[in-house]
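K.L.:
Before anything else, here's the structure in question.
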Amino acid sequence: MKHIIIGGVAGGATAAARIRRTDEKAEIFLLEKGKYISYANCGLPYYIGGTIAEREKLFMQTPASFAKRFNIDVRVENEVIGIDTTKKRVEVRRADGSTYTENYDKMLLSPGASPVRPPLKGIEIEGIFTLRNIEDTDRIKEHISSHRIGSTVIVGAGFIGLEMAENLHRTGAEVSVVEMGNQVMAPVDFSIAAHVHQHLSQKGIKLYLERSVERFERQGEKIEVFFSTGESITTDIVLLSIGVHPETTLAKAAGLKIGETGGIWVDDYLQTSATDVYAVGDAIEFPHPLTGKPWLNYLANPANRQGRIAADNMVFGNTTKYEGAIGTSIAKVFDMTVASTGLAAKRLKQSGIPYASSTTHSASHAGYYPDALPLTIKLTFDPASGKLYGGQCVGYEGVDKRIDQIALIIKNGGTVYDLMKVEHTYAPPFSSAKDPIAIAGYTANNIISGAMPIVTWRQIAGADLSDILLLDVRIREEHAFGAIPGSVNIPLEELRSRLGELPHNKAIYVYCAVGLRGYLAVKILTGHGFRNVKNLSGGYKTYSTAIEPIVTRTAATAMDRRMDTDTRLGSKRMKTLRIDACGLQCPGPV
C-alpha cells in the first residue's frame, strides 16, 4: 500500500508516524512545500521573545531524523501542485522548479491554514509581518536583531496576537494592540475578556479596541498605522494577527467538495468527497458536537487526533469515526492565564440555543495556604436539563486543570451535576475541599432549581432602576471603596434586623463582592416573604471589571521604578513588609 501525505506539520506528521506503526511494509511519502516538518507552531512567539532561547528547540523532528526513525520518504521543498483523484496521481514541483508525478493508493491532505493579509494600502511595506511558520519567525527575529525596535503595533487581539504582545514587550518594545472588536480573545465572553483588558493595561500594553486599520504609510524609518476613525499610531514594526483561513487551493483545483464555512468537507471518517483521499487539520470543517453545524477549528490538539484517526482509516478501512472538537484553548497573557472550552454565551445566542450562565470566583487553592490566587469560572448550560455547553476560566494558577475537566465532561455529554460529582484531589497547596469547579457546579444547580435567581451585570448596567432596589450586603468599608451607583448598603450581618427598611413592592437586586453573601441574603429575604429577589451573578467583582473603562498607560521600567523609589526615600533602603491578602472567601476591601 502506497500512502502520500501532503503537509508535514501536526496532523500530517502524526498520520505518517501512525501509519508506519500499524503497517511496517507500507510505502509512505511525506511531501512538504516548506523546509521543515513537525515543528512547534505554538512555540514561535516564545522564541521571538527569548523565552525559548534556542531555535532548534522548536523542532520535534528534522526531515532526516523523522525519515530514519519511521522509514518514510520525507521530501521537503516539494510542493504538490496538482491532484488527479481519478488516476490517483499527484504532480509535485521541486525547489529548482522541475516537476514529477507520484501515484498513490491512499492520500492525506494536511495543508493547514494561511494568515489573513487584507489588501490594505501599504501592506507590503518592509517591517509588516505575519506569523505562521518558521520562515515568518526567522524574518521577524532577524528584523528585530538588526533594527532598533522601540515600538510595535499588533493588529488583531486573538491568542497569537496577545502572546506576541507579551513576547515583544519582553524585548523592551512599547506594544500597542489594535482590535476591530470590542474585546480581546473572541472565543471568550466579554466579562472574561475584561479581566485580560485590565491585566494588559497594568502591564503597559496600549489597547485600541473597536478600531479597524485603514492603511499603512512609511514615515522615514517608521511606519504610520491609520485607523478608519482618523487616528494613527507611529511604530517601528507591525505584526498582523488578524486570523487565518483554510488552505484549500489544492483541494478546490482537484474538485474536492468545499463545505459551507470554506473548509474541505470530510465525512465522519475524515474522508473527502474523493475516494481514498482524506484530510485533517486547519483546512477541514467538521460538525460541532454541540450545535451539529460545521465549523473551522484551528487548534493543534484536534489536528493531531485527526491525523491518528485518518491514518487508521487509511490502513484498516473506515473503521474509526471522529467525534469532533469543541474548541478547547488556553493562552498565557503575562502573569494571567485564560482558557475556554465549548460554547460561550455569545455563540449560544448567535445559534439561537436557549442557555443559562453562572459566574463564580474562587481561590486557586485553599485560602489558608500561602499564595492562593483568584480564579474566575463562567459556565454556560441548558436551563432545563443542566447539560453543560461551555466553560471559561481566567486567573493566575490552576486554570488549565479546571478547563480540562470541564472539557472532558462536555465531550461526554455531561451536565453541571457532573461537576458536582467529580472527585478532586485535595491538599491545601493544590485545591480546596470544595474545588472551584465543584463550586461552579453547585452554583449552576442553584440557578436551575430556582434556589438562587440571578441577574447579570449587563442587566444591571442597562436597567431602569426606578422600580428596583439595589442592595449591597458588603461591609461599609467595601461599599465606600466602590459600589454600583444608587445602591443601598446594608451589611449581611445586619440584614435580619433591618428588614423593615426594604420595600415589598419593588424588585430587589442583591450583590456582594463575588456572590456568596448575596446568595445568603437572597435566602434570608425570601425566607421573610420577599418574592422578587435576585442575586448578581459573580458579584461586584464581575460588574466592576466588565464596566471599567480601558486606561492606556505606559508601565514604568524596573530602572524607572527603582530611581523613583530612591528619589522619594533619599536613597535609603527600607525593609519590605509582606502582607498576605490571599484566600479571603468573599474578598473584602483589601
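In the C-alpha cells, the first chain shown is A, the next is B, and so on; residue numbers restart at 1 for each chain, and ligands run from 1 in the order shown.
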Find the spatial neighbours of A:Thr526, counting only C-alpha atoms, within a cut-off of 12 Å - ignore same-chain residues fewer than 5 positions away - and output them as JSON, numbers by chain.

P.N.:
{"A": [450, 451, 452, 453, 496, 499, 504, 507, 508, 510, 519, 520, 521, 531, 532, 533, 534, 535]}

K.L.:
Just write the chosen residues, N, CA, C and O atoms, as a PDB file, in the first residue's frame.

P.N.:
ATOM      1  N   GLY A 450     -33.879  27.148  40.911  1.00  0.00           N
ATOM      2  CA  GLY A 450     -34.587  28.333  41.372  1.00  0.00           C
ATOM      3  C   GLY A 450     -34.221  28.755  42.778  1.00  0.00           C
ATOM      4  O   GLY A 450     -34.755  29.740  43.296  1.00  0.00           O
ATOM      5  N   ALA A 451     -33.296  28.017  43.392  1.00  0.00           N
ATOM      6  CA  ALA A 451     -32.868  28.371  44.750  1.00  0.00           C
ATOM      7  C   ALA A 451     -32.143  29.707  44.764  1.00  0.00           C
ATOM      8  O   ALA A 451     -32.136  30.398  45.785  1.00  0.00           O
ATOM      9  N   MET A 452     -31.532  30.085  43.637  1.00  0.00           N
ATOM     10  CA  MET A 452     -30.839  31.373  43.564  1.00  0.00           C
ATOM     11  C   MET A 452     -31.147  32.041  42.225  1.00  0.00           C
ATOM     12  O   MET A 452     -30.408  31.887  41.256  1.00  0.00           O
ATOM     13  N   PRO A 453     -32.243  32.780  42.144  1.00  0.00           N
ATOM     14  CA  PRO A 453     -32.499  33.571  40.937  1.00  0.00           C
ATOM     15  C   PRO A 453     -31.376  34.594  40.764  1.00  0.00           C
ATOM     16  O   PRO A 453     -30.906  35.176  41.749  1.00  0.00           O
ATOM     17  N   ARG A 496     -31.123  40.899  58.873  1.00  0.00           N
ATOM     18  CA  ARG A 496     -32.332  40.409  59.557  1.00  0.00           C
ATOM     19  C   ARG A 496     -32.959  41.482  60.458  1.00  0.00           C
ATOM     20  O   ARG A 496     -34.183  41.535  60.606  1.00  0.00           O
ATOM     21  N   LEU A 499     -34.882  44.472  58.091  1.00  0.00           N
ATOM     22  CA  LEU A 499     -35.796  44.109  57.006  1.00  0.00           C
ATOM     23  C   LEU A 499     -36.878  45.148  56.796  1.00  0.00           C
ATOM     24  O   LEU A 499     -37.387  45.319  55.667  1.00  0.00           O
ATOM     25  N   HIS A 504     -41.512  45.920  49.804  1.00  0.00           N
ATOM     26  CA  HIS A 504     -42.055  44.683  49.262  1.00  0.00           C
ATOM     27  C   HIS A 504     -42.605  44.873  47.851  1.00  0.00           C
ATOM     28  O   HIS A 504     -42.914  43.885  47.176  1.00  0.00           O
ATOM     29  N   ALA A 507     -38.636  45.113  42.984  1.00  0.00           N
ATOM     30  CA  ALA A 507     -37.648  44.044  42.820  1.00  0.00           C
ATOM     31  C   ALA A 507     -36.404  44.432  43.590  1.00  0.00           C
ATOM     32  O   ALA A 507     -36.019  45.614  43.632  1.00  0.00           O
ATOM     33  N   ILE A 508     -35.777  43.453  44.231  1.00  0.00           N
ATOM     34  CA  ILE A 508     -34.544  43.705  44.978  1.00  0.00           C
ATOM     35  C   ILE A 508     -33.419  42.911  44.330  1.00  0.00           C
ATOM     36  O   ILE A 508     -33.489  41.681  44.242  1.00  0.00           O
ATOM     37  N   VAL A 510     -29.677  41.952  44.777  1.00  0.00           N
ATOM     38  CA  VAL A 510     -28.683  41.898  45.847  1.00  0.00           C
ATOM     39  C   VAL A 510     -27.299  41.669  45.238  1.00  0.00           C
ATOM     40  O   VAL A 510     -27.156  40.933  44.262  1.00  0.00           O
ATOM     41  N   TYR A 519     -25.983  35.458  47.845  1.00  0.00           N
ATOM     42  CA  TYR A 519     -26.821  34.252  47.882  1.00  0.00           C
ATOM     43  C   TYR A 519     -27.436  34.073  49.267  1.00  0.00           C
ATOM     44  O   TYR A 519     -28.639  33.788  49.410  1.00  0.00           O
ATOM     45  N   LEU A 520     -26.626  34.261  50.297  1.00  0.00           N
ATOM     46  CA  LEU A 520     -27.151  34.145  51.667  1.00  0.00           C
ATOM     47  C   LEU A 520     -28.222  35.196  51.930  1.00  0.00           C
ATOM     48  O   LEU A 520     -29.237  34.916  52.596  1.00  0.00           O
ATOM     49  N   ALA A 521     -28.029  36.398  51.388  1.00  0.00           N
ATOM     50  CA  ALA A 521     -29.023  37.461  51.563  1.00  0.00           C
ATOM     51  C   ALA A 521     -30.333  37.117  50.857  1.00  0.00           C
ATOM     52  O   ALA A 521     -31.426  37.393  51.374  1.00  0.00           O
ATOM     53  N   ARG A 531     -40.457  38.341  47.589  1.00  0.00           N
ATOM     54  CA  ARG A 531     -40.629  37.399  46.488  1.00  0.00           C
ATOM     55  C   ARG A 531     -39.783  37.711  45.253  1.00  0.00           C
ATOM     56  O   ARG A 531     -39.326  36.809  44.572  1.00  0.00           O
ATOM     57  N   ASN A 532     -39.604  38.949  44.934  1.00  0.00           N
ATOM     58  CA  ASN A 532     -38.885  39.311  43.709  1.00  0.00           C
ATOM     59  C   ASN A 532     -37.448  39.709  44.052  1.00  0.00           C
ATOM     60  O   ASN A 532     -37.093  40.889  44.063  1.00  0.00           O
ATOM     61  N   VAL A 533     -36.661  38.714  44.378  1.00  0.00           N
ATOM     62  CA  VAL A 533     -35.285  38.948  44.818  1.00  0.00           C
ATOM     63  C   VAL A 533     -34.317  38.172  43.912  1.00  0.00           C
ATOM     64  O   VAL A 533     -34.530  36.996  43.638  1.00  0.00           O
ATOM     65  N   LYS A 534     -33.264  38.840  43.463  1.00  0.00           N
ATOM     66  CA  LYS A 534     -32.261  38.194  42.619  1.00  0.00           C
ATOM     67  C   LYS A 534     -30.864  38.562  43.095  1.00  0.00           C
ATOM     68  O   LYS A 534     -30.651  39.644  43.654  1.00  0.00           O
ATOM     69  N   ASN A 535     -29.917  37.657  42.817  1.00  0.00           N
ATOM     70  CA  ASN A 535     -28.520  37.863  43.206  1.00  0.00           C
ATOM     71  C   ASN A 535     -27.695  38.191  41.971  1.00  0.00           C
ATOM     72  O   ASN A 535     -27.872  37.557  40.907  1.00  0.00           O
TER      73      ASN A 535
END

K.L.:
One number please: atom CA of A:Arg55 to atom CA of A:Leu168, in Å, one decimal.

P.N.:
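Distance between the two atoms: 16.7 Å.
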
K.L.:
Nearest residue to A:Tyr46 out of A:Leu536, A:Leu162, A:Val196, A:Ala26, using only C-alpha atoms?

P.N.:
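Closest to A:Tyr46 of all the choices is A:Leu162.
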
K.L.:
Name all residues at most 9 Å from stretch 446-448 of chain A (count only C-alpha atoms; drop same-chain ones fewer than 6 positions away) and give them as a PyMOL selection string.

P.N.:
chain A and resi 356-358+382-386+454

K.L.:
Given the selection you just returned, output its residues as a file containing N, CA and C atoms, formatted as a short mmCIF file (atom, residue, chain, number, x, y, z; two decimals), in the first residue's frame.

P.N.:
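Saved result, again_25.cif, follows:
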data_model
loop_
_atom_site.label_atom_id
_atom_site.label_comp_id
_atom_site.auth_asym_id
_atom_site.auth_seq_id
_atom_site.Cartn_x
_atom_site.Cartn_y
_atom_site.Cartn_z
N ALA A 356 -28.45 29.20 30.09
CA ALA A 356 -28.26 29.98 31.31
C ALA A 356 -26.76 30.02 31.57
N SER A 357 -26.33 30.92 32.43
CA SER A 357 -24.90 31.01 32.73
C SER A 357 -24.70 31.31 34.21
N SER A 358 -23.51 30.99 34.69
CA SER A 358 -23.14 31.32 36.06
C SER A 358 -21.70 31.78 36.07
N ASP A 382 -27.69 24.28 29.66
CA ASP A 382 -29.11 24.25 29.36
C ASP A 382 -29.90 24.58 30.63
N PRO A 383 -30.81 25.54 30.57
CA PRO A 383 -31.50 25.95 31.80
C PRO A 383 -32.49 24.92 32.34
N ALA A 384 -32.82 23.91 31.52
CA ALA A 384 -33.75 22.88 31.98
C ALA A 384 -33.03 21.61 32.41
N SER A 385 -32.20 21.07 31.53
CA SER A 385 -31.54 19.79 31.82
C SER A 385 -30.21 19.94 32.53
N GLY A 386 -29.61 21.13 32.46
CA GLY A 386 -28.29 21.32 33.04
C GLY A 386 -27.16 20.83 32.16
N ILE A 454 -30.94 34.79 39.53
CA ILE A 454 -29.81 35.70 39.32
C ILE A 454 -30.16 36.84 38.36
#

K.L.:
List every residue of stretch 41-157 of chain A that DSSP, applied to the backbone of this structure, places in helix (DSSP H, G or I), and write the result as number ranges by chain.

P.N.:
A: 41-48, 55-58, 63-70, 134-146

K.L.:
So which residues of stretch 371-463 of chain A fall under strand (DSSP E or B) by DSSP, listed as a PDB file with N, CA and C atoms, in the first residue's frame?

P.N.:
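Okay, result_35.pdb is ready:
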ATOM      1  N   PRO A 374      -6.858  34.435  42.896  1.00  0.00           N
ATOM      2  CA  PRO A 374      -8.252  34.403  42.415  1.00  0.00           C
ATOM      3  C   PRO A 374      -8.396  33.656  41.092  1.00  0.00           C
ATOM      4  N   LEU A 375      -9.526  32.986  40.976  1.00  0.00           N
ATOM      5  CA  LEU A 375      -9.835  32.173  39.803  1.00  0.00           C
ATOM      6  C   LEU A 375     -11.301  32.417  39.459  1.00  0.00           C
ATOM      7  N   THR A 376     -11.574  32.836  38.238  1.00  0.00           N
ATOM      8  CA  THR A 376     -12.943  33.107  37.810  1.00  0.00           C
ATOM      9  C   THR A 376     -13.385  32.047  36.812  1.00  0.00           C
ATOM     10  N   ILE A 377     -14.556  31.461  37.038  1.00  0.00           N
ATOM     11  CA  ILE A 377     -15.104  30.445  36.136  1.00  0.00           C
ATOM     12  C   ILE A 377     -16.484  30.882  35.672  1.00  0.00           C
ATOM     13  N   LYS A 378     -16.710  30.827  34.365  1.00  0.00           N
ATOM     14  CA  LYS A 378     -18.037  31.067  33.810  1.00  0.00           C
ATOM     15  C   LYS A 378     -18.501  29.799  33.109  1.00  0.00           C
ATOM     16  N   LEU A 379     -19.699  29.346  33.441  1.00  0.00           N
ATOM     17  CA  LEU A 379     -20.296  28.180  32.801  1.00  0.00           C
ATOM     18  C   LEU A 379     -21.492  28.610  31.965  1.00  0.00           C
ATOM     19  N   THR A 380     -21.721  27.910  30.856  1.00  0.00           N
ATOM     20  CA  THR A 380     -22.967  28.033  30.111  1.00  0.00           C
ATOM     21  C   THR A 380     -23.604  26.652  30.057  1.00  0.00           C
ATOM     22  N   PHE A 381     -24.936  26.599  30.174  1.00  0.00           N
ATOM     23  CA  PHE A 381     -25.598  25.310  30.285  1.00  0.00           C
ATOM     24  C   PHE A 381     -27.070  25.431  29.915  1.00  0.00           C
ATOM     25  N   LYS A 387     -27.477  20.409  30.906  1.00  0.00           N
ATOM     26  CA  LYS A 387     -26.407  19.962  30.002  1.00  0.00           C
ATOM     27  C   LYS A 387     -25.367  21.060  29.871  1.00  0.00           C
ATOM     28  N   LEU A 388     -24.121  20.690  30.026  1.00  0.00           N
ATOM     29  CA  LEU A 388     -23.033  21.663  30.010  1.00  0.00           C
ATOM     30  C   LEU A 388     -22.677  22.020  28.574  1.00  0.00           C
ATOM     31  N   TYR A 389     -22.706  23.313  28.268  1.00  0.00           N
ATOM     32  CA  TYR A 389     -22.383  23.791  26.926  1.00  0.00           C
ATOM     33  C   TYR A 389     -20.963  24.345  26.822  1.00  0.00           C
ATOM     34  N   GLY A 390     -20.508  25.010  27.877  1.00  0.00           N
ATOM     35  CA  GLY A 390     -19.200  25.646  27.769  1.00  0.00           C
ATOM     36  C   GLY A 390     -18.657  26.060  29.117  1.00  0.00           C
ATOM     37  N   GLY A 391     -17.362  26.306  29.134  1.00  0.00           N
ATOM     38  CA  GLY A 391     -16.698  26.789  30.337  1.00  0.00           C
ATOM     39  C   GLY A 391     -15.588  27.749  29.969  1.00  0.00           C
ATOM     40  N   GLN A 392     -15.434  28.798  30.758  1.00  0.00           N
ATOM     41  CA  GLN A 392     -14.349  29.759  30.579  1.00  0.00           C
ATOM     42  C   GLN A 392     -13.712  30.009  31.933  1.00  0.00           C
ATOM     43  N   CYS A 393     -12.428  30.226  31.925  1.00  0.00           N
ATOM     44  CA  CYS A 393     -11.721  30.400  33.194  1.00  0.00           C
ATOM     45  C   CYS A 393     -10.587  31.385  33.001  1.00  0.00           C
ATOM     46  N   VAL A 394     -10.409  32.274  33.965  1.00  0.00           N
ATOM     47  CA  VAL A 394      -9.316  33.230  33.926  1.00  0.00           C
ATOM     48  C   VAL A 394      -8.750  33.366  35.331  1.00  0.00           C
ATOM     49  N   GLY A 395      -7.439  33.414  35.424  1.00  0.00           N
ATOM     50  CA  GLY A 395      -6.788  33.515  36.721  1.00  0.00           C
ATOM     51  C   GLY A 395      -5.286  33.414  36.569  1.00  0.00           C
ATOM     52  N   THR A 415     -23.376  17.080  32.360  1.00  0.00           N
ATOM     53  CA  THR A 415     -24.166  18.197  32.864  1.00  0.00           C
ATOM     54  C   THR A 415     -23.422  18.920  33.978  1.00  0.00           C
ATOM     55  N   ILE A 454     -30.937  34.795  39.534  1.00  0.00           N
ATOM     56  CA  ILE A 454     -29.809  35.703  39.316  1.00  0.00           C
ATOM     57  C   ILE A 454     -30.160  36.836  38.356  1.00  0.00           C
ATOM     58  N   VAL A 455     -29.364  37.860  38.430  1.00  0.00           N
ATOM     59  CA  VAL A 455     -29.369  38.950  37.471  1.00  0.00           C
ATOM     60  C   VAL A 455     -27.924  39.114  37.020  1.00  0.00           C
TER      61      VAL A 455
END

K.L.:
Choose the residue, out of A:Glu24, A:Asp189, A:Glu124, A:Asp138, that has the smallest atom-to-atom separation from A:Glu217; count only C-alpha atoms.

P.N.:
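Ranked by minimum distance to A:Glu217, first place goes to A:Glu124.
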
K.L.:
Contacts of A:Tyr426 at 12 Å or less, counting only C-alpha atoms, minus same-chain residues fewer than 6 places along, as a list of chain:residue names?

P.N.:
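My reading of the contact set: A:Ser364, A:His365, A:Ala366, A:Ser432, A:Ala433, A:Lys434, A:Asp435, A:Pro436.
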
K.L.:
I need the chosen residues saved as an mmCIF file, in the first residue's frame, with N, CA, C and O atoms.

P.N.:
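So selection14.cif came out as:
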data_model
loop_
_atom_site.group_PDB
_atom_site.id
_atom_site.type_symbol
_atom_site.label_atom_id
_atom_site.label_comp_id
_atom_site.auth_asym_id
_atom_site.auth_seq_id
_atom_site.Cartn_x
_atom_site.Cartn_y
_atom_site.Cartn_z
ATOM 1 N N SER A 364 -7.493 29.647 43.915
ATOM 2 C CA SER A 364 -6.872 28.564 43.157
ATOM 3 C C SER A 364 -6.545 27.365 44.031
ATOM 4 O O SER A 364 -6.489 26.235 43.556
ATOM 5 N N HIS A 365 -6.312 27.592 45.315
ATOM 6 C CA HIS A 365 -6.160 26.501 46.275
ATOM 7 C C HIS A 365 -6.650 26.990 47.640
ATOM 8 O O HIS A 365 -7.191 28.092 47.740
ATOM 9 N N ALA A 366 -6.496 26.170 48.655
ATOM 10 C CA ALA A 366 -7.037 26.507 49.979
ATOM 11 C C ALA A 366 -6.585 27.892 50.424
ATOM 12 O O ALA A 366 -5.396 28.223 50.381
ATOM 13 N N SER A 432 -9.078 23.131 47.163
ATOM 14 C CA SER A 432 -9.826 23.251 48.409
ATOM 15 C C SER A 432 -10.721 22.026 48.534
ATOM 16 O O SER A 432 -10.926 21.295 47.568
ATOM 17 N N ALA A 433 -11.270 21.822 49.712
ATOM 18 C CA ALA A 433 -12.177 20.684 49.889
ATOM 19 C C ALA A 433 -13.364 20.798 48.937
ATOM 20 O O ALA A 433 -13.908 19.790 48.492
ATOM 21 N N LYS A 434 -13.777 22.029 48.648
ATOM 22 C CA LYS A 434 -14.738 22.295 47.584
ATOM 23 C C LYS A 434 -13.967 22.973 46.451
ATOM 24 O O LYS A 434 -13.668 24.158 46.519
ATOM 25 N N ASP A 435 -13.657 22.185 45.433
ATOM 26 C CA ASP A 435 -12.857 22.717 44.328
ATOM 27 C C ASP A 435 -13.635 23.797 43.565
ATOM 28 O O ASP A 435 -14.872 23.785 43.550
ATOM 29 N N PRO A 436 -12.939 24.739 42.930
ATOM 30 C CA PRO A 436 -13.634 25.782 42.171
ATOM 31 C C PRO A 436 -14.650 25.270 41.160
ATOM 32 O O PRO A 436 -15.703 25.888 40.989
#

K.L.:
Kindly indicate which residue among A:Phe334, A:Ser38, A:Arg139, A:Ala186 lies nearest to A:Met164, using only C-alpha atoms for the distances.

P.N.:
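The shortest atom-to-atom distance to A:Met164 comes from A:Phe334.
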
K.L.:
Closest to A:Val277 among A:Leu108, A:Leu465, A:Ala16, A:Ala440, using only C-alpha atoms?

P.N.:
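Nearest to A:Val277: A:Leu108.
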
K.L.:
Any idea what's packed within 10 Å of A:Val266, counting only C-alpha atoms, ignoring anything in its chain fewer than 6 positions away? Could you give it as a list in words?

P.N.:
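Close residues of A:Val266: Leu256, Lys257, Ile258, Gly259, Thr272, Ser273, Ala274, Val277, Tyr278, Ala279, Val280, Ile284, Glu285, Phe286 and Pro287 of chain A.
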
K.L.:
For the residues in that selection, give me all heavy atoms as an mmCIF file, in the first residue's frame.

P.N.:
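Everything below was put into selection.cif:
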data_model
loop_
_atom_site.group_PDB
_atom_site.id
_atom_site.type_symbol
_atom_site.label_atom_id
_atom_site.label_comp_id
_atom_site.auth_asym_id
_atom_site.auth_seq_id
_atom_site.Cartn_x
_atom_site.Cartn_y
_atom_site.Cartn_z
ATOM 1 N N LEU A 256 -12.401 18.658 -5.099
ATOM 2 C CA LEU A 256 -12.930 18.157 -3.843
ATOM 3 C C LEU A 256 -14.022 19.089 -3.327
ATOM 4 O O LEU A 256 -13.991 20.300 -3.559
ATOM 5 C CB LEU A 256 -11.826 18.034 -2.791
ATOM 6 C CG LEU A 256 -10.643 17.112 -3.135
ATOM 7 C CD1 LEU A 256 -9.666 17.059 -1.974
ATOM 8 C CD2 LEU A 256 -11.139 15.711 -3.466
ATOM 9 N N LYS A 257 -14.967 18.540 -2.614
ATOM 10 C CA LYS A 257 -16.079 19.322 -2.071
ATOM 11 C C LYS A 257 -15.587 20.262 -0.985
ATOM 12 O O LYS A 257 -14.860 19.845 -0.084
ATOM 13 C CB LYS A 257 -17.154 18.383 -1.515
ATOM 14 C CG LYS A 257 -18.358 19.104 -0.933
ATOM 15 C CD LYS A 257 -19.381 18.113 -0.390
ATOM 16 C CE LYS A 257 -20.563 18.825 0.259
ATOM 17 N NZ LYS A 257 -21.561 17.858 0.799
ATOM 18 N N ILE A 258 -15.993 21.520 -1.097
ATOM 19 C CA ILE A 258 -15.692 22.526 -0.079
ATOM 20 C C ILE A 258 -16.979 22.795 0.696
ATOM 21 O O ILE A 258 -18.051 22.957 0.120
ATOM 22 C CB ILE A 258 -15.167 23.826 -0.714
ATOM 23 C CG1 ILE A 258 -13.911 23.538 -1.567
ATOM 24 C CG2 ILE A 258 -14.850 24.849 0.364
ATOM 25 C CD1 ILE A 258 -12.747 22.937 -0.807
ATOM 26 N N GLY A 259 -16.877 22.832 2.022
ATOM 27 C CA GLY A 259 -18.054 22.980 2.865
ATOM 28 C C GLY A 259 -18.555 24.400 2.957
ATOM 29 O O GLY A 259 -17.972 25.340 2.400
ATOM 30 N N THR A 272 -12.550 12.753 2.306
ATOM 31 C CA THR A 272 -13.110 13.824 1.488
ATOM 32 C C THR A 272 -14.131 13.255 0.514
ATOM 33 O O THR A 272 -14.470 12.069 0.554
ATOM 34 C CB THR A 272 -11.991 14.529 0.703
ATOM 35 O OG1 THR A 272 -11.480 13.638 -0.293
ATOM 36 C CG2 THR A 272 -10.857 14.969 1.624
ATOM 37 N N SER A 273 -14.623 14.096 -0.379
ATOM 38 C CA SER A 273 -15.595 13.658 -1.376
ATOM 39 C C SER A 273 -14.976 12.736 -2.418
ATOM 40 O O SER A 273 -15.702 12.112 -3.202
ATOM 41 C CB SER A 273 -16.219 14.871 -2.071
ATOM 42 O OG SER A 273 -15.216 15.695 -2.651
ATOM 43 N N ALA A 274 -13.646 12.625 -2.440
ATOM 44 C CA ALA A 274 -12.956 11.716 -3.367
ATOM 45 C C ALA A 274 -12.576 10.433 -2.639
ATOM 46 O O ALA A 274 -12.099 10.474 -1.505
ATOM 47 C CB ALA A 274 -11.713 12.388 -3.937
ATOM 48 N N VAL A 277 -9.129 9.593 -0.470
ATOM 49 C CA VAL A 277 -8.461 10.865 -0.160
ATOM 50 C C VAL A 277 -9.039 11.385 1.163
ATOM 51 O O VAL A 277 -10.248 11.601 1.276
ATOM 52 C CB VAL A 277 -8.655 11.915 -1.266
ATOM 53 C CG1 VAL A 277 -7.979 13.238 -0.864
ATOM 54 C CG2 VAL A 277 -8.095 11.416 -2.589
ATOM 55 N N TYR A 278 -8.185 11.596 2.148
ATOM 56 C CA TYR A 278 -8.571 12.046 3.486
ATOM 57 C C TYR A 278 -7.990 13.437 3.734
ATOM 58 O O TYR A 278 -7.065 13.874 3.046
ATOM 59 C CB TYR A 278 -8.079 11.051 4.542
ATOM 60 C CG TYR A 278 -8.704 9.677 4.423
ATOM 61 C CD1 TYR A 278 -8.287 8.779 3.431
ATOM 62 C CD2 TYR A 278 -9.722 9.285 5.273
ATOM 63 C CE1 TYR A 278 -8.869 7.529 3.303
ATOM 64 C CE2 TYR A 278 -10.314 8.027 5.157
ATOM 65 C CZ TYR A 278 -9.881 7.154 4.165
ATOM 66 O OH TYR A 278 -10.469 5.920 4.040
ATOM 67 N N ALA A 279 -8.511 14.114 4.730
ATOM 68 C CA ALA A 279 -7.992 15.443 5.062
ATOM 69 C C ALA A 279 -8.132 15.689 6.563
ATOM 70 O O ALA A 279 -9.086 15.217 7.194
ATOM 71 C CB ALA A 279 -8.729 16.533 4.285
ATOM 72 N N VAL A 280 -7.169 16.429 7.135
ATOM 73 C CA VAL A 280 -7.156 16.724 8.562
ATOM 74 C C VAL A 280 -6.624 18.130 8.794
ATOM 75 O O VAL A 280 -6.052 18.757 7.907
ATOM 76 C CB VAL A 280 -6.279 15.717 9.350
ATOM 77 C CG1 VAL A 280 -6.799 14.299 9.193
ATOM 78 C CG2 VAL A 280 -4.808 15.795 8.903
ATOM 79 N N ILE A 284 -9.807 21.655 7.281
ATOM 80 C CA ILE A 284 -11.097 20.974 7.179
ATOM 81 C C ILE A 284 -12.164 21.647 8.041
ATOM 82 O O ILE A 284 -11.858 22.335 9.009
ATOM 83 C CB ILE A 284 -10.996 19.485 7.574
ATOM 84 C CG1 ILE A 284 -10.826 19.313 9.087
ATOM 85 C CG2 ILE A 284 -9.890 18.788 6.803
ATOM 86 C CD1 ILE A 284 -11.024 17.897 9.588
ATOM 87 N N GLU A 285 -13.419 21.440 7.649
ATOM 88 C CA GLU A 285 -14.532 21.793 8.516
ATOM 89 C C GLU A 285 -15.193 20.503 8.970
ATOM 90 O O GLU A 285 -15.150 19.475 8.278
ATOM 91 C CB GLU A 285 -15.536 22.691 7.801
ATOM 92 C CG GLU A 285 -16.284 22.012 6.652
ATOM 93 C CD GLU A 285 -17.397 22.888 6.098
ATOM 94 O OE1 GLU A 285 -17.190 24.112 6.004
ATOM 95 O OE2 GLU A 285 -18.465 22.347 5.758
ATOM 96 N N PHE A 286 -15.793 20.561 10.168
ATOM 97 C CA PHE A 286 -16.415 19.361 10.733
ATOM 98 C C PHE A 286 -17.530 19.815 11.667
ATOM 99 O O PHE A 286 -17.420 20.865 12.310
ATOM 100 C CB PHE A 286 -15.376 18.543 11.508
ATOM 101 C CG PHE A 286 -15.799 17.117 11.768
ATOM 102 C CD1 PHE A 286 -15.563 16.136 10.814
ATOM 103 C CD2 PHE A 286 -16.451 16.773 12.933
ATOM 104 C CE1 PHE A 286 -15.959 14.831 11.028
ATOM 105 C CE2 PHE A 286 -16.856 15.471 13.163
ATOM 106 C CZ PHE A 286 -16.612 14.490 12.204
ATOM 107 N N PRO A 287 -18.626 19.070 11.762
ATOM 108 C CA PRO A 287 -19.728 19.497 12.628
ATOM 109 C C PRO A 287 -19.307 19.627 14.085
ATOM 110 O O PRO A 287 -18.606 18.777 14.627
ATOM 111 C CB PRO A 287 -20.766 18.370 12.459
ATOM 112 C CG PRO A 287 -20.465 17.771 11.128
ATOM 113 C CD PRO A 287 -18.967 17.863 10.982
#

K.L.:
A:Pro111, A:Pro354, A:Gly398, A:Gly127: which is nearest A:Met336, counting only C-alpha atoms?

P.N.:
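Among A:Pro111, A:Pro354, A:Gly398, A:Gly127, it is A:Gly398 that comes nearest to A:Met336.
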
K.L.:
Using only C-alpha atoms, which protein or nucleic acid residues come within 12 Å of A:Asp23? Drop anything in the same chain fewer than 3 positions from it, and give the result as an NGL selection string.

P.N.:
:A and (1-3 or 15-20 or 26-28 or 70-72 or 311-312 or 314-316)
